[in-house]
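Trainee: My structure is in data_6.cif, and what it holds is mmCIF, C-alpha atoms:
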```
data_coords
#
loop_
_atom_site.label_atom_id
_atom_site.label_comp_id
_atom_site.auth_asym_id
_atom_site.auth_seq_id
_atom_site.Cartn_x
_atom_site.Cartn_y
_atom_site.Cartn_z
CA MET I 1 0.00 0.00 0.00
CA LYS I 2 1.17 3.50 -0.78
CA ASN I 3 2.22 6.02 1.88
CA TYR I 4 -0.52 8.52 1.04
CA VAL I 5 -3.10 6.05 2.28
CA PHE I 6 -1.52 6.07 5.71
CA ARG I 7 -0.85 9.80 6.01
CA PRO I 8 -4.41 10.75 7.09
CA LEU I 9 -4.33 7.81 9.48
CA TYR I 10 -1.22 9.22 11.16
CA VAL I 11 -2.96 12.56 11.54
CA ILE I 12 -5.93 10.88 13.21
CA ILE I 13 -3.69 8.87 15.51
CA GLY I 14 -1.85 12.05 16.41
CA LEU I 15 -5.12 13.81 17.24
CA VAL I 16 -6.29 10.92 19.42
CA ILE I 17 -3.01 10.98 21.33
CA ALA I 18 -3.22 14.77 21.72
CA VAL I 19 -6.75 14.52 23.12
CA LEU I 20 -5.74 11.76 25.52
CA ILE I 21 -2.75 13.76 26.76
CA PHE I 22 -4.90 16.88 27.20
CA ARG I 23 -7.51 14.83 29.03
CA GLU I 24 -4.90 13.37 31.35
CA PHE I 25 -3.93 16.86 32.53
CA TYR I 26 -7.36 18.54 32.38
CA VAL I 27 -9.56 16.00 34.18
CA PRO I 28 -9.01 16.12 37.94
CA LYS I 29 -7.49 13.05 39.55
CA ASP I 30 -10.52 12.57 41.81
CA PHE I 31 -12.92 12.46 38.86
CA GLY I 32 -14.42 9.03 38.43
CA THR I 33 -17.06 6.68 39.69
CA HIS I 34 -17.58 7.13 43.40
CA GLY I 35 -20.54 5.57 45.10
CA GLU I 36 -22.80 2.77 44.06
CA SER I 37 -22.79 3.00 40.27
CA TYR I 38 -21.42 4.65 37.17
CA MET I 39 -24.90 5.93 36.28
CA TYR I 40 -25.36 7.97 39.47
CA GLY I 41 -21.84 8.26 40.88
CA TRP I 42 -19.73 9.59 37.99
CA HIS I 43 -18.36 12.82 39.39
CA ARG I 44 -15.53 14.84 40.92
CA LYS I 45 -15.21 13.63 44.49
CA GLY I 46 -13.77 16.92 45.72
CA ASN I 47 -17.04 18.68 44.98
CA GLU I 48 -18.68 16.92 47.92
CA GLU I 49 -16.23 18.67 50.25
CA GLU I 50 -16.85 21.98 48.48
CA TRP I 51 -20.54 21.70 49.27
CA LYS I 52 -19.84 20.69 52.87
CA ALA I 53 -17.71 23.84 53.23
CA PHE I 54 -20.58 26.10 52.11
CA LYS I 55 -21.16 28.82 54.69
CA VAL I 56 -23.89 28.31 57.28
CA LYS I 57 -25.91 31.50 57.80
CA TYR I 58 -28.75 30.56 60.09
CA ARG I 59 -28.03 29.35 63.61
CA PHE I 60 -31.68 28.65 64.41
CA ASP I 61 -30.77 28.41 68.06
CA ASN I 62 -32.87 30.61 70.33
CA GLU I 63 -30.55 29.71 73.22
CA TYR I 64 -27.79 31.61 71.41
CA CYS I 65 -29.88 34.78 71.64
CA LYS I 66 -30.87 34.15 75.25
CA ASP I 67 -27.72 35.39 76.98
CA CYS I 68 -27.83 38.95 75.70
CA HIS I 69 -31.53 39.37 74.93
CA SER I 70 -32.89 37.55 77.95
CA ASP I 71 -35.87 39.93 78.40
CA LYS I 72 -37.08 39.29 74.84
CA TYR I 73 -36.34 35.60 75.18
CA GLU I 74 -38.25 35.14 78.45
CA SER I 75 -41.22 37.09 77.16
CA LEU I 76 -41.29 35.13 73.90
CA MET I 77 -41.13 31.77 75.65
CA GLN I 78 -44.38 32.57 77.49
CA ALA I 79 -46.20 33.36 74.25
CA PRO I 80 -47.62 31.22 71.45
CA HIS I 81 -44.90 32.76 69.29
CA ALA I 82 -42.36 30.63 71.16
CA ILE I 83 -42.55 28.17 68.26
CA ILE I 84 -41.05 30.79 65.94
CA LYS I 85 -37.27 30.99 65.83
CA CYS I 86 -35.75 34.42 66.51
CA GLU I 87 -34.01 34.38 63.15
CA ASN I 88 -37.26 33.82 61.25
CA CYS I 89 -38.15 37.47 61.81
CA HIS I 90 -34.75 39.00 62.60
CA GLY I 91 -32.84 37.36 59.75
CA PRO I 92 -29.76 35.12 59.76
CA ALA I 93 -27.52 35.77 62.76
CA LEU I 94 -24.31 34.39 61.20
CA ASP I 95 -21.62 35.53 63.64
CA HIS I 96 -23.71 38.23 65.30
CA PRO I 97 -22.75 40.37 67.20
CA SER I 98 -19.45 40.71 65.30
CA ASP I 99 -20.92 40.04 61.85
CA PRO I 100 -23.48 41.50 61.35
CA PRO I 101 -23.30 43.88 64.33
CA LYS I 102 -26.99 44.70 64.05
CA LEU I 103 -29.85 42.53 62.83
CA VAL I 104 -32.59 44.35 60.99
CA VAL I 105 -36.20 43.32 61.37
CA ASP I 106 -38.79 44.09 58.75
CA LYS I 107 -41.63 45.71 60.67
CA GLY I 108 -44.02 45.74 57.73
CA ARG I 109 -47.40 44.06 57.93
CA GLY I 110 -46.28 41.34 55.52
CA LEU I 111 -44.30 39.48 58.15
CA CYS I 112 -47.35 39.05 60.41
CA LEU I 113 -49.77 38.45 57.55
CA ARG I 114 -47.81 35.35 56.51
CA CYS I 115 -49.78 33.56 59.24
CA HIS I 116 -52.39 36.02 60.48
CA SER I 117 -54.13 36.89 57.24
CA SER I 118 -57.30 34.87 57.72
CA LEU I 119 -57.69 32.06 55.18
CA PRO I 120 -60.65 29.68 55.62
CA TYR I 121 -58.88 26.49 54.54
CA PRO I 122 -60.39 23.54 56.44
CA GLN I 123 -57.75 20.95 55.46
CA SER I 124 -54.90 23.10 56.72
CA ASP I 125 -53.96 24.22 60.21
CA ARG I 126 -54.13 27.76 58.89
CA ILE I 127 -57.81 27.84 59.86
CA ASN I 128 -56.83 27.40 63.53
CA ILE I 129 -54.65 30.51 63.60
CA ARG I 130 -56.38 33.69 64.70
CA GLY I 131 -56.42 35.89 61.64
CA ILE I 132 -57.64 39.20 60.30
CA ASP I 133 -58.72 40.56 56.95
CA PRO I 134 -55.73 42.77 56.06
CA ASP I 135 -57.90 45.10 53.99
CA LYS I 136 -60.25 45.85 56.89
CA HIS I 137 -58.10 45.58 60.02
CA ASN I 138 -56.33 48.95 60.39
CA PRO I 139 -54.88 48.75 56.87
CA ASP I 140 -52.44 51.62 57.19
CA MET I 141 -50.86 50.71 60.50
CA GLU I 142 -47.92 48.55 61.42
CA CYS I 143 -49.03 45.57 63.48
CA SER I 144 -46.36 46.28 66.07
CA MET I 145 -47.93 49.63 66.87
CA CYS I 146 -50.56 47.74 68.90
CA HIS I 147 -49.29 44.17 69.19
CA ASN I 148 -45.98 43.23 70.78
CA PRO I 149 -44.61 40.38 68.68
CA HIS I 150 -42.71 39.00 71.69
CA LYS I 151 -45.87 39.04 73.79
CA PRO I 152 -48.76 39.16 71.36
CA SER I 153 -51.70 38.72 73.72
CA LEU I 154 -54.66 40.97 73.03
CA GLU I 155 -55.22 41.59 76.75
CA GLY I 156 -51.85 43.21 77.30
CA LEU I 157 -51.75 45.49 74.28
CA LYS I 158 -48.61 47.51 74.72
CA MET W 159 2.84 -4.75 -2.42
CA ILE W 160 2.98 -5.00 1.34
CA THR W 161 6.01 -6.73 2.78
CA ARG W 162 6.10 -8.77 5.95
CA ARG W 163 8.24 -6.07 7.57
CA ASP W 164 5.67 -3.34 6.72
CA LEU W 165 2.81 -5.40 8.06
CA ILE W 166 4.53 -5.86 11.42
CA LYS W 167 5.41 -2.15 11.62
CA VAL W 168 1.84 -1.05 10.88
CA SER W 169 0.38 -3.60 13.26
CA ILE W 170 2.52 -2.40 16.14
CA ALA W 171 1.74 1.27 15.43
CA GLY W 172 -1.96 0.49 15.10
CA ALA W 173 -2.10 -1.48 18.33
CA ALA W 174 -0.16 1.11 20.33
CA VAL W 175 -2.93 3.73 20.29
CA PRO W 176 -5.77 1.63 21.67
CA LEU W 177 -3.41 0.12 24.23
CA ALA W 178 -2.29 3.56 25.35
CA SER W 179 -5.85 4.80 25.66
CA ALA W 180 -6.82 1.71 27.61
CA LYS W 181 -4.24 2.66 30.14
CA ILE W 182 -5.48 6.24 30.44
CA ILE W 183 -9.22 5.57 30.52
CA SER W 184 -9.59 2.30 32.32
CA ALA W 185 -12.94 0.77 31.47
CA ALA W 186 -12.73 -1.47 34.48
CA ASP W 187 -12.37 1.49 36.82
CA THR W 188 -15.26 3.22 35.16
CA LEU W 189 -17.79 0.44 35.12
CA PHE W 190 -16.90 -1.30 38.35
CA PRO W 191 -16.24 1.31 41.04
CA GLU W 192 -14.18 0.49 44.06
CA ARG W 193 -16.14 -1.43 46.69
CA PHE W 194 -17.12 1.50 48.85
CA GLU W 195 -17.99 1.02 52.46
CA LYS W 196 -21.73 0.62 52.89
CA GLN W 197 -22.97 3.96 54.12
CA ASN W 198 -25.21 3.95 57.14
CA ILE W 199 -26.81 7.27 56.21
CA ARG W 200 -29.61 7.85 53.70
CA TRP W 201 -31.23 11.27 54.06
CA VAL W 202 -34.98 11.37 53.61
CA PHE W 203 -37.59 14.06 54.14
CA ILE W 204 -41.16 14.16 55.41
CA VAL W 205 -43.68 16.88 54.61
CA ASP W 206 -46.85 17.01 56.69
CA THR W 207 -49.22 18.99 54.48
CA LYS W 208 -51.87 19.22 57.21
CA LYS W 209 -49.54 21.20 59.43
CA CYS W 210 -48.47 23.64 56.73
CA VAL W 211 -50.16 27.05 57.04
CA GLY W 212 -48.48 28.61 54.01
CA CYS W 213 -46.39 31.16 55.89
CA GLY W 214 -43.46 30.68 53.53
CA MET W 215 -40.82 31.02 56.26
CA CYS W 216 -39.14 27.93 54.81
CA VAL W 217 -38.79 29.57 51.40
CA LYS W 218 -37.36 32.76 52.88
CA ALA W 219 -34.88 30.85 55.05
CA CYS W 220 -33.81 28.64 52.14
CA LYS W 221 -33.13 31.60 49.89
CA ASP W 222 -31.03 33.33 52.57
CA GLU W 223 -29.18 30.21 53.60
CA ASN W 224 -28.34 28.97 50.13
CA GLU W 225 -27.67 32.33 48.45
CA VAL W 226 -30.48 32.00 45.94
CA PRO W 227 -31.08 35.53 44.56
CA TYR W 228 -33.91 36.82 46.72
CA ASP W 229 -35.89 38.83 44.21
CA ALA W 230 -35.48 36.55 41.21
CA ASN W 231 -38.46 34.28 40.67
CA ILE W 232 -36.48 31.12 41.36
CA THR W 233 -36.33 29.02 44.49
CA ARG W 234 -35.05 25.67 45.71
CA THR W 235 -38.19 25.03 47.73
CA TRP W 236 -41.65 26.48 47.41
CA VAL W 237 -45.16 26.13 48.78
CA GLU W 238 -48.18 25.49 46.58
CA ARG W 239 -51.74 26.37 47.49
CA TYR W 240 -54.58 24.15 46.27
CA VAL W 241 -58.16 25.33 46.41
CA LEU W 242 -60.86 22.88 45.31
CA THR W 243 -64.26 24.43 44.78
CA LYS W 244 -67.65 22.79 45.28
CA ASP W 245 -68.25 22.74 41.52
CA GLY W 246 -65.19 20.52 41.05
CA GLN W 247 -62.60 23.03 39.88
CA VAL W 248 -59.01 22.92 41.10
CA PHE W 249 -57.05 26.13 41.54
CA ALA W 250 -53.38 26.11 42.42
CA ASP W 251 -50.84 28.88 42.80
CA SER W 252 -47.48 29.66 44.34
CA PRO W 253 -46.78 33.39 43.94
CA LYS W 254 -42.98 33.95 44.11
CA GLY W 255 -42.78 30.37 45.38
CA ALA W 256 -44.60 31.61 48.52
CA ARG W 257 -41.47 33.52 49.57
CA ASP W 258 -43.76 36.05 51.27
CA GLY W 259 -46.36 33.49 52.27
CA PHE W 260 -50.02 33.52 51.31
CA THR W 261 -51.47 36.76 52.61
CA GLY W 262 -54.67 36.94 50.58
CA LYS W 263 -57.53 34.79 49.35
CA LYS W 264 -57.12 35.60 45.66
CA ILE W 265 -55.52 32.90 43.51
CA ASP W 266 -52.63 34.15 41.38
CA ARG W 267 -53.24 32.88 37.83
CA GLY W 268 -50.27 34.59 36.25
CA GLU W 269 -51.13 36.49 33.08
CA LYS W 270 -54.82 35.73 33.56
CA GLY W 271 -54.80 37.90 36.68
CA PHE W 272 -56.24 37.05 40.05
CA HIS W 273 -59.17 34.76 40.70
CA ASP W 274 -61.38 35.43 43.68
CA ILE W 275 -63.07 32.45 45.32
CA LYS W 276 -65.85 33.01 47.84
CA ASP W 277 -65.41 31.29 51.20
CA GLU W 278 -68.64 29.29 50.82
CA GLU W 279 -67.51 27.91 47.43
CA ILE W 280 -64.43 26.24 48.93
CA GLN W 281 -64.72 22.48 49.29
CA LYS W 282 -61.11 21.77 50.20
CA ALA W 283 -58.07 24.00 50.49
CA PHE W 284 -54.57 23.26 51.71
CA PHE W 285 -50.87 23.96 51.22
CA VAL W 286 -48.22 21.64 49.84
CA PRO W 287 -44.51 22.43 50.31
CA LYS W 288 -42.25 21.13 47.57
CA LEU W 289 -38.52 20.55 47.32
CA CYS W 290 -36.07 18.23 45.60
CA ASN W 291 -37.10 14.61 46.12
CA GLN W 292 -33.46 13.39 46.18
CA CYS W 293 -34.63 10.41 44.11
CA GLU W 294 -33.05 7.02 44.53
CA SER W 295 -33.00 6.81 40.70
CA PRO W 296 -32.60 10.48 39.75
CA PRO W 297 -33.37 11.12 36.06
CA CYS W 298 -31.54 14.45 36.25
CA VAL W 299 -28.29 12.62 37.02
CA GLN W 300 -28.73 10.08 34.25
CA VAL W 301 -28.94 12.73 31.56
CA CYS W 302 -25.96 14.85 32.63
CA PRO W 303 -23.43 14.57 29.79
CA VAL W 304 -20.41 15.71 31.78
CA GLY W 305 -20.80 14.11 35.22
CA ALA W 306 -21.52 17.45 36.89
CA THR W 307 -24.51 16.20 38.85
CA TYR W 308 -24.39 13.08 40.94
CA LYS W 309 -25.82 11.25 43.91
CA THR W 310 -23.68 11.13 47.02
CA GLU W 311 -23.38 7.96 49.06
CA ASP W 312 -25.78 9.38 51.63
CA GLY W 313 -28.40 9.87 48.94
CA VAL W 314 -28.28 13.60 48.17
CA VAL W 315 -28.12 14.80 44.57
CA LEU W 316 -25.55 17.59 44.17
CA VAL W 317 -24.44 19.82 41.30
CA ASP W 318 -20.73 20.46 40.72
CA ARG W 319 -20.66 24.17 39.89
CA LYS W 320 -17.16 23.98 38.42
CA TRP W 321 -18.07 21.10 36.14
CA CYS W 322 -21.59 22.04 34.99
CA ILE W 323 -21.67 23.35 31.42
CA GLY W 324 -25.21 24.72 31.73
CA CYS W 325 -26.75 22.59 28.97
CA GLY W 326 -30.04 22.32 30.83
CA TYR W 327 -30.74 18.62 30.18
CA CYS W 328 -31.25 18.01 33.90
CA ILE W 329 -33.76 20.85 34.15
CA MET W 330 -35.78 19.21 31.36
CA ALA W 331 -35.41 15.73 32.83
CA CYS W 332 -36.68 16.43 36.34
CA PRO W 333 -40.36 15.47 36.50
CA TYR W 334 -40.82 17.60 39.61
CA GLY W 335 -39.48 20.84 38.16
CA VAL W 336 -37.14 21.43 41.07
CA ARG W 337 -34.15 22.43 38.96
CA PHE W 338 -33.45 25.87 37.53
CA PHE W 339 -30.57 28.00 36.31
CA HIS W 340 -28.67 29.95 38.91
CA PRO W 341 -28.42 33.42 37.40
CA VAL W 342 -25.19 34.29 39.22
CA HIS W 343 -23.19 31.08 38.89
CA ARG W 344 -24.78 30.27 35.51
CA VAL W 345 -25.13 26.59 36.27
CA ALA W 346 -27.97 24.22 37.13
CA GLU W 347 -29.20 24.72 40.67
CA LYS W 348 -31.32 22.61 42.99
CA CYS W 349 -32.17 21.83 46.60
CA ASN W 350 -29.44 19.76 48.22
CA PHE W 351 -31.07 19.22 51.62
CA CYS W 352 -28.69 21.96 52.90
CA TYR W 353 -25.80 19.52 52.51
CA HIS W 354 -23.49 21.91 54.39
CA ARG W 355 -25.83 21.79 57.38
CA ILE W 356 -26.87 18.13 57.54
CA THR W 357 -23.28 16.96 57.27
CA LYS W 358 -22.48 19.09 60.35
CA GLY W 359 -25.30 17.56 62.41
CA MET W 360 -27.67 20.49 61.83
CA LYS W 361 -31.08 20.32 60.22
CA THR W 362 -31.91 21.98 56.92
CA ALA W 363 -32.82 25.68 56.98
CA CYS W 364 -36.41 24.98 55.90
CA VAL W 365 -36.95 22.37 58.64
CA GLU W 366 -35.61 24.75 61.29
CA ALA W 367 -37.57 27.72 59.95
CA CYS W 368 -40.93 25.93 60.00
CA PRO W 369 -42.71 26.90 63.24
CA PHE W 370 -45.30 24.15 62.80
CA ASP W 371 -43.05 21.12 62.27
CA ALA W 372 -44.53 20.51 58.84
CA ARG W 373 -41.08 19.53 57.57
CA MET W 374 -38.75 16.87 58.94
CA ILE W 375 -35.44 15.45 57.80
CA GLY W 376 -33.96 12.19 58.97
CA ASN W 377 -31.86 9.16 58.23
CA ILE W 378 -33.93 6.24 57.00
CA LYS W 379 -31.11 3.78 57.77
CA ASP W 380 -31.41 4.60 61.47
CA PRO W 381 -34.34 2.56 62.84
CA ASP W 382 -34.67 4.84 65.86
CA ASP W 383 -34.94 8.04 63.85
CA PRO W 384 -38.41 9.60 64.31
CA VAL W 385 -38.59 10.12 60.57
CA THR W 386 -37.97 6.42 59.93
CA LYS W 387 -40.72 5.55 62.41
CA ILE W 388 -43.21 7.79 60.62
CA ILE W 389 -42.36 6.27 57.26
CA GLN W 390 -42.74 2.78 58.72
CA ASN W 391 -45.96 3.37 60.62
CA GLU W 392 -47.95 6.17 59.00
CA ARG W 393 -49.83 6.42 55.72
CA ILE W 394 -47.46 8.16 53.38
CA ALA W 395 -47.31 9.02 49.70
CA VAL W 396 -44.70 10.24 47.26
CA LEU W 397 -45.08 12.49 44.24
CA LYS W 398 -45.32 11.02 40.73
CA GLU W 399 -44.48 7.47 41.75
CA GLU W 400 -45.32 6.31 38.22
CA TYR W 401 -42.14 7.90 36.86
CA GLY W 402 -40.04 5.27 38.64
CA THR W 403 -37.73 7.82 40.17
CA ASN W 404 -38.16 6.42 43.68
CA PRO W 405 -38.47 9.83 45.37
CA GLN W 406 -37.33 10.16 48.97
CA VAL W 407 -39.54 13.04 50.10
CA TYR W 408 -42.55 11.47 51.79
CA TYR W 409 -45.86 13.29 52.17
CA LEU W 410 -48.45 12.96 54.93
CA GLY W 411 -51.96 14.09 54.08
CA MET W 412 -51.39 13.97 50.32
CA SER W 413 -54.29 14.52 47.90
CA LYS W 414 -54.74 13.31 44.33
CA GLU W 415 -55.03 16.84 42.98
CA VAL W 416 -51.40 17.53 43.87
CA ARG W 417 -49.11 17.21 40.87
#
```
Could I get this structure in the form of structure tokens?
Mentor:
Amino acid sequence: MKNYVFRPLYVIIGLVIAVLIFREFYVPKDFGTHGESYMYGWHRKGNEEEWKAFKVKYRFDNEYCKDCHSDKYESLMQAPHAIIKCENCHGPALDHPSDPPKLVVDKGRGLCLRCHSSLPYPQSDRINIRGIDPDKHNPDMECSMCHNPHKPSLEGLK
Amino acid sequence: MITRRDLIKVSIAGAAVPLASAKIISAADTLFPERFEKQNIRWVFIVDTKKCVGCGMCVKACKDENEVPYDANITRTWVERYVLTKDGQVFADSPKGARDGFTGKKIDRGEKGFHDIKDEEIQKAFFVPKLCNQCESPPCVQVCPVGATYKTEDGVVLVDRKWCIGCGYCIMACPYGVRFFHPVHRVAEKCNFCYHRITKGMKTACVEACPFDARMIGNIKDPDDPVTKIIQNERIAVLKEEYGTNPQVYYLGMSKEVR
């Protein structure tokens, strides 16, 4: 057979080798099948650690808040709102008080209306929460002007 | 005319390439992974739809915790509202994924505007929180062409942000619609059961944020886990069982109208 028949073949072989060499350097060493099967476990193992290292923002630990804000804590624990975590309304504490030094709370009506806008839904516990019609119940006022969210009883309006 | 010498030369050259590649990409390593130690963790989730009041605190907490852009209409978890009227109609909505909860009676029908349903017309109405089902046979993982999404040994489906090429096959493949594009990282994004929290012994942000214990996460391989006990002893359902994905988010109080 003549040489010109083989010349394109050499080019192809060269390309294959080039791709394989590139692949050897480009694909991370921990890339492969990890876990139960090739179908679901073909990945870069190091990514699992990257996800584990993702920053936690919410502490969701009311005891953490207790030491400095004991008055708010004690009052809240007596109220039905004790089931709500501090950070639900005050936002993620992260490393408070160093970062962020101050937590901001949204005092708009929306926060309260999440639960206390009356919805007559019999198959949901929503119907058991005391609610108001936001269009009729003092529409222009902030809820916290009358109701203390840490002690929301109607008897002791602040 | 090919000589014996030429034939041998060509044969050796021809054989060298496949042999070299066999060394670099080992088929045996690919198809038969190393015998990993049997994990004793398999994360599962329970949603009690009867306890959900549609406050959306879970959605808010998830967006903050997982750095999902707050004002973009995308979310890893969301709450759906179903209202079934006495004349047999089903209305469902989830405005902004219920990030701000459900604060009014009107059903958000998108471009069709809002639909008002009178209280006396309501036959049934309830809320259904949704999140990634962390399927045992995840179709989103099967279709990934680059190995950027995968199932960990403890059963959570993750996305490798460095490896994802953003082709969107997984978003199309998920029957539950839990995947979306992350507009900042420009890769596929999904709920990962707050993998950074559960691997540190914490609970997911949505579970912690729920004041009514409508959400629970647990390890189904631990027989003493309260979640395992509920799955063993209560009447539970999963979403779209017919797709064969073997979803691992179990629902209490499920209804046939929920899709």
Trainee: What is the distance, in Å and to one decimal place, between atom CA of Tyr121 of chain I and atom CA of Lys414 of chain W?
Mentor: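 Between atom CA of Tyr121 of chain I and atom CA of Lys414 of chain W the gap works out to 17.2 Å.
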Trainee: Using all atoms listed in the file and a cut-off of 7 Å, which residues of chain I sit close to chain W? Please list them as number ranges by chain.
Mentor: I: 1, 20, 32-35, 37-43, 47, 51-54, 56-58, 60, 83-85, 88, 113-115, 117, 119-126
Trainee: Would you write out those residues with C-alpha atoms, as a PDB file, in the coordinates of the input?
Mentor:
```
ATOM      1  CA  MET I   1       0.000   0.000   0.000  1.00  0.00           C
ATOM      2  CA  LEU I  20      -5.740  11.760  25.520  1.00  0.00           C
ATOM      3  CA  GLY I  32     -14.420   9.030  38.430  1.00  0.00           C
ATOM      4  CA  THR I  33     -17.060   6.680  39.690  1.00  0.00           C
ATOM      5  CA  HIS I  34     -17.580   7.130  43.400  1.00  0.00           C
ATOM      6  CA  GLY I  35     -20.540   5.570  45.100  1.00  0.00           C
ATOM      7  CA  SER I  37     -22.790   3.000  40.270  1.00  0.00           C
ATOM      8  CA  TYR I  38     -21.420   4.650  37.170  1.00  0.00           C
ATOM      9  CA  MET I  39     -24.900   5.930  36.280  1.00  0.00           C
ATOM     10  CA  TYR I  40     -25.360   7.970  39.470  1.00  0.00           C
ATOM     11  CA  GLY I  41     -21.840   8.260  40.880  1.00  0.00           C
ATOM     12  CA  TRP I  42     -19.730   9.590  37.990  1.00  0.00           C
ATOM     13  CA  HIS I  43     -18.360  12.820  39.390  1.00  0.00           C
ATOM     14  CA  ASN I  47     -17.040  18.680  44.980  1.00  0.00           C
ATOM     15  CA  TRP I  51     -20.540  21.700  49.270  1.00  0.00           C
ATOM     16  CA  LYS I  52     -19.840  20.690  52.870  1.00  0.00           C
ATOM     17  CA  ALA I  53     -17.710  23.840  53.230  1.00  0.00           C
ATOM     18  CA  PHE I  54     -20.580  26.100  52.110  1.00  0.00           C
ATOM     19  CA  VAL I  56     -23.890  28.310  57.280  1.00  0.00           C
ATOM     20  CA  LYS I  57     -25.910  31.500  57.800  1.00  0.00           C
ATOM     21  CA  TYR I  58     -28.750  30.560  60.090  1.00  0.00           C
ATOM     22  CA  PHE I  60     -31.680  28.650  64.410  1.00  0.00           C
ATOM     23  CA  ILE I  83     -42.550  28.170  68.260  1.00  0.00           C
ATOM     24  CA  ILE I  84     -41.050  30.790  65.940  1.00  0.00           C
ATOM     25  CA  LYS I  85     -37.270  30.990  65.830  1.00  0.00           C
ATOM     26  CA  ASN I  88     -37.260  33.820  61.250  1.00  0.00           C
ATOM     27  CA  LEU I 113     -49.770  38.450  57.550  1.00  0.00           C
ATOM     28  CA  ARG I 114     -47.810  35.350  56.510  1.00  0.00           C
ATOM     29  CA  CYS I 115     -49.780  33.560  59.240  1.00  0.00           C
ATOM     30  CA  SER I 117     -54.130  36.890  57.240  1.00  0.00           C
ATOM     31  CA  LEU I 119     -57.690  32.060  55.180  1.00  0.00           C
ATOM     32  CA  PRO I 120     -60.650  29.680  55.620  1.00  0.00           C
ATOM     33  CA  TYR I 121     -58.880  26.490  54.540  1.00  0.00           C
ATOM     34  CA  PRO I 122     -60.390  23.540  56.440  1.00  0.00           C
ATOM     35  CA  GLN I 123     -57.750  20.950  55.460  1.00  0.00           C
ATOM     36  CA  SER I 124     -54.900  23.100  56.720  1.00  0.00           C
ATOM     37  CA  ASP I 125     -53.960  24.220  60.210  1.00  0.00           C
ATOM     38  CA  ARG I 126     -54.130  27.760  58.890  1.00  0.00           C
TER      39      ARG I 126
END
```
Trainee: Quick check on the file I pasted: which residues fall under the PyMOL selection byres ((chain I and resi 62-64) around 10)? Write them as a PyMOL selection string.
Mentor: chain I and resi 59-61+65-70+73+77+82+84-87+93+96
Trainee: If I put a ball of radius 10 Å at (-40.4, 16.5, 49.8) in the file's coordinates, which residues poke into it when counting all atoms listed in the file, written as an MDAnalysis selection string?
Mentor: chainID W and resid 202:206 235 286:292 351 373:375 396:397 405:409
Trainee: For atom CA of Leu103 of chain I and atom CA of His81 of chain I, determine how far apart the two atoms are, in Å to one decimal place.
Mentor: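 Computing the Euclidean distance for atom CA of Leu103 of chain I and atom CA of His81 of chain I yields 19.1 Å.
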Trainee: As AutoDock Vina command-line options, please report the centre and edge lengths, rounded to one decimal in Å, of the axis-aligned box that holds all listed atoms of segment 137-151 of chain I with 4 Å of padding on each of the six sides.
Mentor:
```
--center_x -50.4 --center_y 45.3 --center_z 65.3 --size_x 23.4 --size_y 20.6 --size_z 24.9
```
Trainee: Under the rule that all atoms listed in the file are counted, which of I:Leu111, I:Val105, I:Val11, I:Val27 is the nearest residue to Gly91 of chain I?
Mentor: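 Using all atoms listed in the file, Gly91 of chain I sits closest to I:Val105.
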